[in-house]
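Enquirer: The following file, run00.txt, comprises compact mmCIF, C-alpha atoms:
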# COMPACT_ATOMS: atom_id res chain seq x y z
CA MET V 1 12.42 -117.97 -22.95
CA ASN V 2 14.26 -114.82 -23.81
CA PRO V 3 15.81 -115.41 -27.24
CA LYS V 4 18.75 -113.14 -26.44
CA LEU V 5 19.92 -115.27 -23.55
CA PRO V 6 21.50 -118.72 -23.60
CA ASP V 7 19.42 -121.76 -22.61
CA ASN V 8 18.68 -122.15 -18.90
CA PHE V 9 20.50 -118.89 -18.27
CA ARG V 10 18.21 -118.03 -15.38
CA ASP V 11 18.71 -121.33 -13.59
CA ARG V 12 22.46 -121.27 -14.11
CA LEU V 13 22.62 -117.68 -12.86
CA ILE V 14 20.57 -118.45 -9.78
CA ALA V 15 22.78 -121.49 -9.12
CA GLN V 16 25.76 -119.12 -8.87
CA GLN V 17 24.24 -117.53 -5.79
CA GLU V 18 25.99 -119.05 -2.82
CA THR V 19 23.93 -119.34 0.33
CA ASP V 20 24.89 -119.96 3.92
CA GLU V 21 23.28 -123.28 4.80
CA SER V 22 22.61 -122.29 8.42
CA LEU V 23 20.83 -119.09 7.37
CA ARG V 24 18.85 -120.94 4.75
CA ARG V 25 17.92 -123.70 7.19
CA ARG V 26 16.82 -121.12 9.73
CA TYR V 27 14.61 -119.52 7.09
CA GLU V 28 13.13 -122.88 6.11
CA GLN V 29 12.61 -123.94 9.72
CA HIS V 30 10.78 -120.72 10.42
CA LEU V 31 8.69 -120.87 7.30
CA ASP V 32 5.56 -121.35 9.35
CA SER V 33 6.36 -118.31 11.40
CA THR V 34 7.12 -116.29 8.28
CA PHE V 35 3.78 -114.69 8.73
CA GLU V 36 4.59 -113.56 12.25
CA ARG V 37 5.77 -109.96 12.44
CA PRO V 38 6.56 -107.67 15.38
CA MET V 39 3.84 -105.20 16.35
CA THR V 40 4.38 -101.52 15.74
CA ALA V 41 4.06 -99.02 18.60
CA SER V 42 0.69 -97.72 17.34
CA GLU V 43 -0.66 -101.28 17.08
CA LYS V 44 0.39 -101.94 20.68
CA ILE V 45 -1.32 -98.75 21.87
CA ASN V 46 -4.42 -99.65 19.87
CA ASP V 47 -4.54 -103.13 21.41
CA ALA V 48 -3.98 -101.77 24.93
CA LEU V 49 -6.87 -99.31 24.49
CA ASN V 50 -9.08 -102.11 23.18
CA VAL V 51 -8.23 -104.31 26.17
CA ALA V 52 -9.06 -101.42 28.53
CA ALA V 53 -12.36 -100.81 26.70
CA SER V 54 -13.23 -104.52 26.90
CA LEU V 55 -12.55 -104.51 30.64
CA GLY V 56 -14.72 -101.43 31.00
CA PHE V 57 -17.58 -103.09 29.10
CA ILE V 58 -17.25 -106.30 31.13
CA ALA V 59 -17.39 -104.34 34.40
CA PHE V 60 -20.34 -102.26 33.20
CA PHE V 61 -22.42 -105.19 31.96
CA ALA V 62 -21.49 -107.36 34.95
CA TYR V 63 -22.65 -104.58 37.26
CA ALA V 64 -25.86 -104.17 35.27
CA ALA V 65 -26.61 -107.90 35.26
CA ALA V 66 -25.75 -108.56 38.89
CA MET V 67 -26.73 -105.42 40.76
CA ARG V 68 -29.78 -104.05 38.97
CA THR V 69 -32.72 -105.63 40.73
CA ASP V 70 -35.20 -104.11 38.27
CA PHE V 71 -33.64 -106.01 35.33
CA SER V 72 -35.77 -108.64 33.63
CA THR V 73 -34.37 -112.06 32.65
CA GLU V 74 -34.15 -110.90 28.98
CA LYS V 75 -32.04 -107.90 29.91
CA ARG V 76 -29.79 -110.06 32.09
CA SER V 77 -29.33 -112.52 29.19
CA ILE V 78 -28.37 -109.71 26.85
CA SER V 79 -25.89 -108.35 29.40
CA ALA V 80 -24.41 -111.84 29.82
CA ALA V 81 -24.03 -112.18 26.04
CA LEU V 82 -22.32 -108.79 25.89
CA ILE V 83 -19.96 -109.83 28.70
CA VAL V 84 -18.99 -112.96 26.76
CA ALA V 85 -18.48 -110.93 23.54
CA SER V 86 -16.36 -108.31 25.35
CA LEU V 87 -14.37 -111.03 27.08
CA LEU V 88 -13.58 -112.84 23.83
CA TYR V 89 -12.61 -109.61 22.15
CA GLY V 90 -10.46 -108.55 25.11
CA VAL V 91 -8.72 -111.94 25.31
CA PHE V 92 -7.93 -111.84 21.59
CA ARG V 93 -6.35 -108.40 21.89
CA LEU V 94 -4.57 -109.17 25.18
CA ARG V 95 -3.03 -112.39 23.86
CA ARG V 96 -1.70 -110.55 20.85
CA LEU V 97 -0.40 -107.72 23.01
CA LEU V 98 1.42 -110.14 25.33
CA ARG V 99 2.88 -112.01 22.36
CA GLY V 100 4.14 -108.74 20.89
CA THR V 101 3.76 -110.05 17.36
CA ILE V 102 1.04 -110.21 14.77
CA ASN V 103 0.46 -113.59 13.23
CA VAL V 104 -0.80 -112.59 9.82
CA ARG V 105 -2.32 -115.98 9.11
CA PHE V 106 -4.15 -116.36 12.43
CA ASP V 107 -5.06 -112.73 13.06
CA ARG V 108 -6.65 -112.33 9.65
CA ARG V 109 -9.15 -115.09 10.39
CA ALA V 110 -9.58 -113.93 13.97
CA LYS V 111 -10.22 -110.38 12.77
CA ARG V 112 -13.11 -111.66 10.63
CA TRP V 113 -14.65 -113.38 13.65
CA VAL V 114 -14.14 -110.29 15.78
CA TRP V 115 -15.93 -108.28 13.11
CA ILE V 116 -18.86 -110.73 13.16
CA GLY V 117 -18.83 -110.51 16.97
CA GLU V 118 -18.95 -106.72 16.80
CA VAL V 119 -21.97 -106.89 14.47
CA ILE V 120 -23.74 -109.24 16.90
CA VAL V 121 -22.93 -106.91 19.80
CA ALA V 122 -24.29 -103.94 17.84
CA ALA V 123 -27.48 -105.88 17.08
CA LEU V 124 -27.86 -106.84 20.74
CA LEU V 125 -27.35 -103.25 21.86
CA MET V 126 -30.03 -102.08 19.43
CA ALA V 127 -32.37 -104.80 20.65
CA ARG V 128 -31.65 -103.71 24.21
CA LEU V 129 -32.46 -100.13 23.30
CA TYR V 130 -35.74 -101.32 21.83
CA VAL V 131 -36.59 -103.38 24.89
CA LYS V 132 -35.84 -100.40 27.10
CA GLU V 133 -38.01 -97.86 25.31
CA PRO V 134 -40.34 -99.44 22.75
CA ASP V 135 -41.80 -96.17 21.38
CA THR V 136 -42.31 -95.35 17.69
CA THR V 137 -39.10 -93.37 17.15
CA HIS V 138 -36.94 -96.10 18.66
CA THR V 139 -38.80 -98.76 16.73
CA ILE V 140 -38.08 -96.94 13.45
CA ILE V 141 -34.40 -96.41 14.37
CA VAL V 142 -34.01 -100.06 15.36
CA LEU V 143 -35.80 -101.34 12.26
CA LEU V 144 -33.82 -99.10 9.90
CA SER V 145 -30.54 -100.02 11.60
CA LEU V 146 -31.36 -103.72 11.42
CA ILE V 147 -32.32 -103.42 7.75
CA LEU V 148 -29.07 -101.57 7.03
CA LEU V 149 -27.10 -104.14 8.98
CA GLY V 150 -28.85 -106.97 7.12
CA VAL V 151 -28.14 -105.36 3.75
CA VAL V 152 -24.46 -104.85 4.58
CA VAL V 153 -24.02 -108.41 5.90
CA CYS V 154 -25.88 -109.87 2.90
CA ALA V 155 -23.83 -107.78 0.46
CA VAL V 156 -20.56 -108.89 2.04
CA GLN V 157 -21.63 -112.52 2.11
CA MET V 158 -22.93 -112.41 -1.47
CA ARG V 159 -19.72 -110.81 -2.66
CA MET V 160 -17.67 -113.49 -0.91
CA LEU V 161 -19.83 -116.28 -2.29
CA PHE V 162 -19.71 -114.83 -5.78
CA ALA V 163 -15.93 -114.41 -5.64
CA LYS V 164 -15.52 -117.95 -4.31
CA SER V 165 -17.66 -119.49 -7.03
CA GLN V 166 -15.82 -117.45 -9.64
CA TRP V 167 -12.44 -118.60 -8.26
CA LYS V 168 -13.67 -122.18 -8.21
CA SER V 169 -14.67 -122.21 -11.88
CA GLU V 170 -11.50 -120.30 -12.78
CA GLU V 171 -9.49 -122.88 -10.85
CA GLN V 172 -11.14 -125.79 -12.67
CA ASN V 173 -10.49 -124.10 -15.98
CA LEU V 174 -6.84 -123.54 -15.09
CA GLU V 175 -6.43 -127.15 -13.87
CA LEU V 176 -7.60 -128.28 -17.29
CA ARG V 177 -5.31 -125.86 -19.11
CA TYR V 178 -2.40 -126.94 -16.93
CA ARG V 179 -2.95 -130.60 -17.82
CA ILE V 180 -3.14 -129.70 -21.51
CA ALA V 181 0.09 -127.68 -21.22
CA GLN V 182 1.77 -130.61 -19.44
CA LEU V 183 0.67 -133.01 -22.15
CA SER V 184 1.72 -130.76 -25.00
CA GLU V 185 5.11 -130.30 -23.32
CA GLN V 186 5.53 -134.07 -23.09
CA ILE V 187 4.52 -134.51 -26.71
CA SER V 188 6.85 -131.79 -27.96
CA LYS V 189 9.84 -133.17 -26.01
CA PRO V 190 12.41 -134.71 -28.38
CA ARG V 191 12.71 -138.45 -27.85
CA MET B 1 9.39 -115.01 -20.64
CA ILE B 2 8.19 -117.94 -18.60
CA SER B 3 6.52 -120.91 -20.31
CA GLU B 4 2.75 -121.23 -20.60
CA LYS B 5 2.80 -124.16 -18.21
CA GLU B 6 4.65 -122.16 -15.57
CA GLN B 7 2.26 -119.24 -16.06
CA ILE B 8 -0.82 -121.45 -15.61
CA ARG B 9 0.73 -123.16 -12.57
CA ASP B 10 1.37 -119.77 -10.96
CA GLU B 11 -2.19 -118.59 -11.66
CA LEU B 12 -3.55 -121.80 -10.19
CA LEU B 13 -1.44 -121.38 -7.08
CA VAL B 14 -2.66 -117.80 -6.61
CA LEU B 15 -6.28 -118.96 -6.71
CA LYS B 16 -5.58 -121.75 -4.24
CA CYS B 17 -3.69 -119.38 -1.94
CA ARG B 18 -6.62 -116.98 -2.01
CA ARG B 19 -8.95 -119.59 -0.66
CA GLY B 20 -6.46 -120.32 2.13
CA ASP B 21 -4.85 -123.50 0.86
CA HIS B 22 -1.71 -123.79 3.02
CA ALA B 23 -0.10 -126.42 0.80
CA ALA B 24 -0.43 -124.01 -2.12
CA TRP B 25 1.25 -121.29 -0.06
CA HIS B 26 4.18 -123.55 0.70
CA GLU B 27 4.44 -124.55 -2.94
CA LEU B 28 4.37 -120.92 -4.06
CA ILE B 29 6.99 -119.93 -1.50
CA GLU B 30 9.22 -122.83 -2.47
CA LEU B 31 8.83 -122.21 -6.20
CA TRP B 32 9.61 -118.52 -6.00
CA ARG B 33 12.30 -118.64 -3.34
CA PRO B 34 15.33 -118.96 -5.65
CA ARG B 35 14.28 -116.16 -8.02
CA LEU B 36 13.11 -113.74 -5.35
CA PHE B 37 16.12 -114.46 -3.19
CA TYR B 38 18.46 -113.82 -6.10
CA PHE B 39 16.71 -110.53 -6.83
CA VAL B 40 16.58 -109.38 -3.20
CA ARG B 41 20.19 -110.41 -2.62
CA ARG B 42 21.20 -107.94 -5.33
CA LEU B 43 19.45 -105.12 -3.47
CA VAL B 44 20.50 -105.59 0.15
CA PRO B 45 24.03 -105.72 1.60
CA THR B 46 24.17 -109.14 3.29
CA GLU B 47 22.69 -112.58 2.94
CA ALA B 48 21.06 -112.42 6.36
CA ASP B 49 19.36 -109.18 5.25
CA ALA B 50 18.13 -110.90 2.11
CA TRP B 51 16.50 -113.73 4.07
CA ASP B 52 14.83 -111.17 6.34
CA VAL B 53 13.56 -109.17 3.37
CA LEU B 54 12.30 -112.37 1.76
CA GLN B 55 10.28 -113.14 4.88
CA GLN B 56 8.82 -109.63 4.82
CA THR B 57 8.03 -110.12 1.14
CA TRP B 58 5.97 -113.22 1.87
CA ILE B 59 4.12 -111.44 4.65
CA GLY B 60 3.30 -108.65 2.21
CA ALA B 61 2.20 -111.18 -0.40
CA TYR B 62 0.03 -113.02 2.11
CA GLU B 63 -1.64 -109.83 3.27
CA GLY B 64 -2.24 -108.57 -0.25
CA ILE B 65 -3.06 -111.69 -2.28
CA ASP B 66 -6.78 -110.86 -2.29
CA ARG B 67 -6.01 -107.51 -3.89
CA LEU B 68 -4.14 -109.12 -6.79
CA GLN B 69 -6.90 -108.76 -9.38
CA ASP B 70 -5.13 -110.25 -12.37
CA THR B 71 -3.58 -113.57 -11.41
CA ARG B 72 -1.35 -113.40 -14.50
CA GLN B 73 0.45 -110.47 -12.88
CA LEU B 74 1.91 -112.61 -10.10
CA ALA B 75 5.55 -112.19 -11.19
CA PRO B 76 5.63 -108.36 -11.38
CA TRP B 77 3.51 -108.19 -8.25
CA LEU B 78 5.90 -110.37 -6.23
CA TYR B 79 8.99 -108.58 -7.51
CA ARG B 80 7.33 -105.24 -6.72
CA ILE B 81 6.68 -106.30 -3.12
CA ALA B 82 10.23 -107.63 -2.82
CA ARG B 83 11.62 -104.38 -4.17
CA ASN B 84 9.51 -102.24 -1.83
CA LYS B 85 10.54 -104.34 1.16
CA SER B 86 14.17 -104.01 0.10
CA ILE B 87 13.79 -100.22 -0.15
CA ASP B 88 12.25 -100.13 3.35
CA TYR B 89 15.04 -102.31 4.66
CA ARG B 90 17.72 -100.14 3.13
CA ARG B 91 16.05 -97.06 4.57
CA ARG B 92 16.15 -98.61 8.00
CA LEU B 93 19.85 -99.29 7.51
CA SER B 94 20.15 -95.59 6.51
CA SER B 95 21.79 -96.53 3.28
CA HIS B 96 22.95 -93.56 1.30
CA GLU B 97 22.45 -95.22 -2.07
CA PRO B 98 18.74 -95.09 -2.91
CA LEU B 99 17.26 -97.64 -5.30
CA ASP B 100 15.63 -94.93 -7.36
CA GLU B 101 18.88 -93.25 -8.09
CA ASP B 102 19.08 -91.01 -11.09
CA ALA B 103 20.44 -93.41 -13.64
CA ASP B 104 21.33 -92.30 -17.14
CA ASP B 105 17.95 -92.63 -18.86
CA SER B 106 18.80 -90.97 -22.15
CA PRO B 107 17.25 -92.50 -25.30
CA THR B 108 19.20 -95.41 -26.72
CA PRO B 109 19.29 -97.41 -29.93
CA GLU B 110 17.73 -100.90 -30.05
CA ASP B 111 19.36 -103.49 -27.86
CA GLU B 112 22.03 -105.43 -29.55
CA GLN B 113 22.61 -109.15 -29.26
CA LEU B 114 24.60 -110.00 -26.18
CA ALA B 115 26.43 -113.19 -25.53
CA PHE B 116 26.55 -113.66 -21.78
CA ASP B 117 27.82 -117.18 -21.85
CA ASN B 118 29.97 -117.05 -18.75
CA VAL B 119 27.27 -117.08 -16.11
CA GLU B 120 29.74 -116.98 -13.23
CA SER B 121 31.32 -113.75 -14.54
CA VAL B 122 27.92 -112.20 -15.14
CA HIS B 123 26.85 -113.08 -11.62
CA LEU B 124 29.95 -111.47 -10.11
CA ALA B 125 29.78 -108.47 -12.41
CA LEU B 126 26.14 -107.75 -11.54
CA ASP B 127 27.16 -106.67 -8.06
CA ARG B 128 29.54 -104.11 -9.52
CA LEU B 129 26.80 -102.28 -11.41
CA SER B 130 24.98 -99.26 -10.03
CA LEU B 131 21.83 -100.21 -8.12
CA ALA B 132 19.36 -98.90 -10.69
CA HIS B 133 21.12 -100.79 -13.47
CA ARG B 134 21.60 -103.86 -11.33
CA GLU B 135 17.94 -104.27 -10.44
CA ALA B 136 16.76 -103.72 -14.02
CA LEU B 137 19.27 -106.17 -15.45
CA THR B 138 18.60 -108.76 -12.74
CA LEU B 139 14.90 -108.69 -13.55
CA TYR B 140 15.75 -109.03 -17.23
CA PHE B 141 18.05 -111.98 -16.53
CA LEU B 142 15.49 -113.69 -14.35
CA GLU B 143 13.39 -113.88 -17.54
CA ASP B 144 10.03 -113.66 -15.89
CA LEU B 145 9.21 -110.19 -17.03
CA SER B 146 8.68 -108.18 -20.17
CA VAL B 147 9.95 -104.59 -20.41
CA ASP B 148 6.45 -103.35 -19.50
CA ALA B 149 6.34 -105.62 -16.47
CA ILE B 150 9.82 -104.51 -15.36
CA ALA B 151 8.59 -100.92 -15.71
CA GLN B 152 5.68 -101.82 -13.44
CA VAL B 153 8.02 -103.29 -10.84
CA LEU B 154 10.38 -100.34 -10.90
CA GLY B 155 7.63 -97.74 -11.17
CA VAL B 156 9.19 -96.07 -14.22
CA PRO B 157 8.09 -95.77 -17.89
CA PRO B 158 9.02 -98.64 -20.28
CA GLY B 159 11.33 -96.29 -22.18
CA THR B 160 13.36 -95.74 -19.02
CA VAL B 161 13.60 -99.50 -18.51
CA LYS B 162 14.89 -99.96 -22.07
CA SER B 163 17.41 -97.21 -21.51
CA ARG B 164 18.54 -98.62 -18.16
CA LEU B 165 18.87 -102.09 -19.65
CA HIS B 166 20.92 -100.75 -22.52
CA HIS B 167 23.28 -98.83 -20.25
CA ALA B 168 23.45 -101.71 -17.80
CA LYS B 169 24.48 -104.10 -20.56
CA GLN B 170 27.12 -101.64 -21.74
CA GLU B 171 28.42 -101.30 -18.20
CA LEU B 172 28.41 -105.07 -17.81
CA ARG B 173 30.26 -105.53 -21.07
CA ILE B 174 32.96 -103.09 -19.94
CA ILE B 175 33.36 -105.04 -16.70
CA LEU B 176 33.44 -108.37 -18.51
CA GLU B 177 35.60 -107.30 -21.44
CA PRO B 178 39.03 -108.00 -19.91
CA GLU B 179 37.83 -111.52 -19.17
CA VAL B 180 36.42 -112.02 -22.66
CA LYS B 181 39.63 -110.97 -24.42
CA PRO B 182 42.08 -113.85 -24.83
Write out the structure in this file as structure tokens.

Expert:
Amino acid sequence: MNPKLPDNFRDRLIAQQETDESLRRRYEQHLDSTFERPMTASEKINDALNVAASLGFIAFFAYAAAMRTDFSTEKRSISAALIVASLLYGVFRLRRLLRGTINVRFDRRAKRWVWIGEVIVAALLMARLYVKEPDTTHTIIVLLSLILLGVVVCAVQMRMLFAKSQWKSEEQNLELRYRIAQLSEQISKPR
Amino acid sequence: MISEKEQIRDELLVLKCRRGDHAAWHELIELWRPRLFYFVRRLVPTEADAWDVLQQTWIGAYEGIDRLQDTRQLAPWLYRIARNKSIDYRRRLSSHEPLDEDADDSPTPEDEQLAFDNVESVHLALDRLSLAHREALTLYFLEDLSVDAIAQVLGVPPGTVKSRLHHAKQELRIILEPEVKP
């Protein structure tokens, strides 16, 4: 505590702050939606462009899978997977666009999954390229890209795992220190 | 300064929030609501504005919690977000009184002992101070922050904070004096 201020000054000062109960209740009721904020104009444009791109991809891959008679079953499977990925991505963006708000809590997790989806799509596209023209140059490009992709994914995962394990041990340490602080506070309390 | 127990509890909550523990988020929001609201209320014109800014503050905190490297810096970090959101809000309202106004930052002697016993008068008088003095003194009164931490929140050197605090206390004393005299 600040030695220059009287005891419990902070709490007494804060208690002086009058609040309108209805405003406070509204804030508390909407606590869960605290993390929901309106989208900016550039975010809306960005989402609209992404939805349009997803639709374009869906149409392109659907045409390729359905109309190309020379396509093998593998190529059709890859096209179907890309349609599903584009559809999921498009739906995510469209839902957000229609809602007009960004849910920080939900969108953060969703963004991670979209990123994973994009990596899978990139891998599938590279595989498709390889299937299409399996010459030496393409093989090297595909292999190098896959290695790079693997390294990046591994690095991100390792970093996350390392941070998580560090937080876990830090958390355990703090739990212990908190209990000690609680006990010492109880002991030092005048009876 | 806050107690060791409070400091550890805050650090623990930050770690739990980082790993997405919703209960920890609610606890953190509930614990910090009175202090942050008091601070924000001093910076924006109406109570409704303050609640809005507080919501924006929590969004900012949620988005940035992973970037908070030192968990012990939670208090200055939260106040900094709250202050920035208040500045943005005031800008949107086209307020003509900026938070970073040119306060009198001339060097001052060491702070003298102050006896702010009448909390109600202090609370009312705070709103009559200039914004730069008000925010510095509010942070000082909320007791969570050292001069260095207040400097971090306000984005000014510690010397400036000391100077602002000194002048703010003088200003406050002048406002309170007629009430103090019998």

Enquirer: Compute the chain B side of the contact with chain V at 6 Å, counting only C-alpha atoms, and hand it back as a list in words.

Expert: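 Taking only C-alpha atoms into account, Met1, Lys5, Ile8, Gln55, Ile59, Val119 and Leu142 of chain B sit within 6 Å of chain V.
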
Enquirer: When you draw a straight line from atom CA of Leu82 of chain V to atom CA of Ile58 of chain V, how long is it in Å?

Expert: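 Interatomic distance, atom CA of Leu82 of chain V to atom CA of Ile58 of chain V: 7.7 Å.
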
Enquirer: May I ask for the distance between atom CA of Ser163 of chain B and atom CA of Ser130 of chain B, given in Å to one decimal place?

Expert: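 These atoms are spaced 13.9 Å apart.
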
Enquirer: If we count all atoms listed in the file and set the cut-off at 12 Å, which residues sit around Arg67 of chain B, ignoring sequence neighbours fewer than 6 positions away in its own chain? Please answer as a list in words.

Expert: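 The neighbour list is Val14, Leu15, Arg18, Gly60, Ala61, Gln73, Leu74 and Trp77 of chain B.
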
Enquirer: With C-alpha atoms kept, could you save the residues just selected as a short mmCIF file (atom, residue, chain, number, x, y, z; two decimals), keeping the file's coordinate frame?

Expert:
data_model
loop_
_atom_site.label_atom_id
_atom_site.label_comp_id
_atom_site.auth_asym_id
_atom_site.auth_seq_id
_atom_site.Cartn_x
_atom_site.Cartn_y
_atom_site.Cartn_z
CA VAL B 14 -2.66 -117.80 -6.61
CA LEU B 15 -6.28 -118.96 -6.71
CA ARG B 18 -6.62 -116.98 -2.01
CA GLY B 60 3.30 -108.65 2.21
CA ALA B 61 2.20 -111.18 -0.40
CA GLN B 73 0.45 -110.47 -12.88
CA LEU B 74 1.91 -112.61 -10.10
CA TRP B 77 3.51 -108.19 -8.25
#

Enquirer: Hey, can you check how far atom CA of Trp51 of chain B sits from atom CA of Phe37 of chain B?

Expert: 7.3 Å

Enquirer: Applying 8 Å and all atoms listed in the file, which residues near Ala125 of chain B remain after dropping the ones on its own chain fewer than 2 positions away? List them as a PyMOL selection string.

Expert: chain B and resi 121-123+127-129+172+175-176

Enquirer: Could the residues in this selection be written to a file with C-alpha atoms, as a short mmCIF file (atom, residue, chain, number, x, y, z; two decimals), keeping the file's coordinate frame?

Expert:
data_model
loop_
_atom_site.label_atom_id
_atom_site.label_comp_id
_atom_site.auth_asym_id
_atom_site.auth_seq_id
_atom_site.Cartn_x
_atom_site.Cartn_y
_atom_site.Cartn_z
CA SER B 121 31.32 -113.75 -14.54
CA VAL B 122 27.92 -112.20 -15.14
CA HIS B 123 26.85 -113.08 -11.62
CA ASP B 127 27.16 -106.67 -8.06
CA ARG B 128 29.54 -104.11 -9.52
CA LEU B 129 26.80 -102.28 -11.41
CA LEU B 172 28.41 -105.07 -17.81
CA ILE B 175 33.36 -105.04 -16.70
CA LEU B 176 33.44 -108.37 -18.51
#

Enquirer: Excluding Thr101 of chain V and residues on its chain fewer than 4 positions from it, collect all residues at most 10 Å away from it, counting all atoms listed in the file, and give them as a PyMOL selection string.

Expert: chain V and resi 35-40+43-44+95-97

Enquirer: Measuring between only C-alpha atoms, which one of B:Ala75, B:Leu93, B:Leu36, B:Ala48 shows the shortest distance to Gln152 of chain B?

Expert: B:Ala75

Enquirer: List as a ChimeraX atom specification the protein and nucleic acid residues near segment 111-119 of chain V, meaning an atom at most 12 Å away when all atoms listed in the file are counted, but skip any in the same chain fewer than 4 places from it.

Expert: /V:54,81-93,96,102-107,123-126,145-146,148-150,152-153,156-157

Enquirer: Pick from B:Ser146, B:Tyr62, B:Ala136, B:Ala168: nearest to His22 of chain B, with all atoms listed in the file counted?

Expert: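 Using all atoms listed in the file, the shortest distance to His22 of chain B belongs to B:Tyr62.
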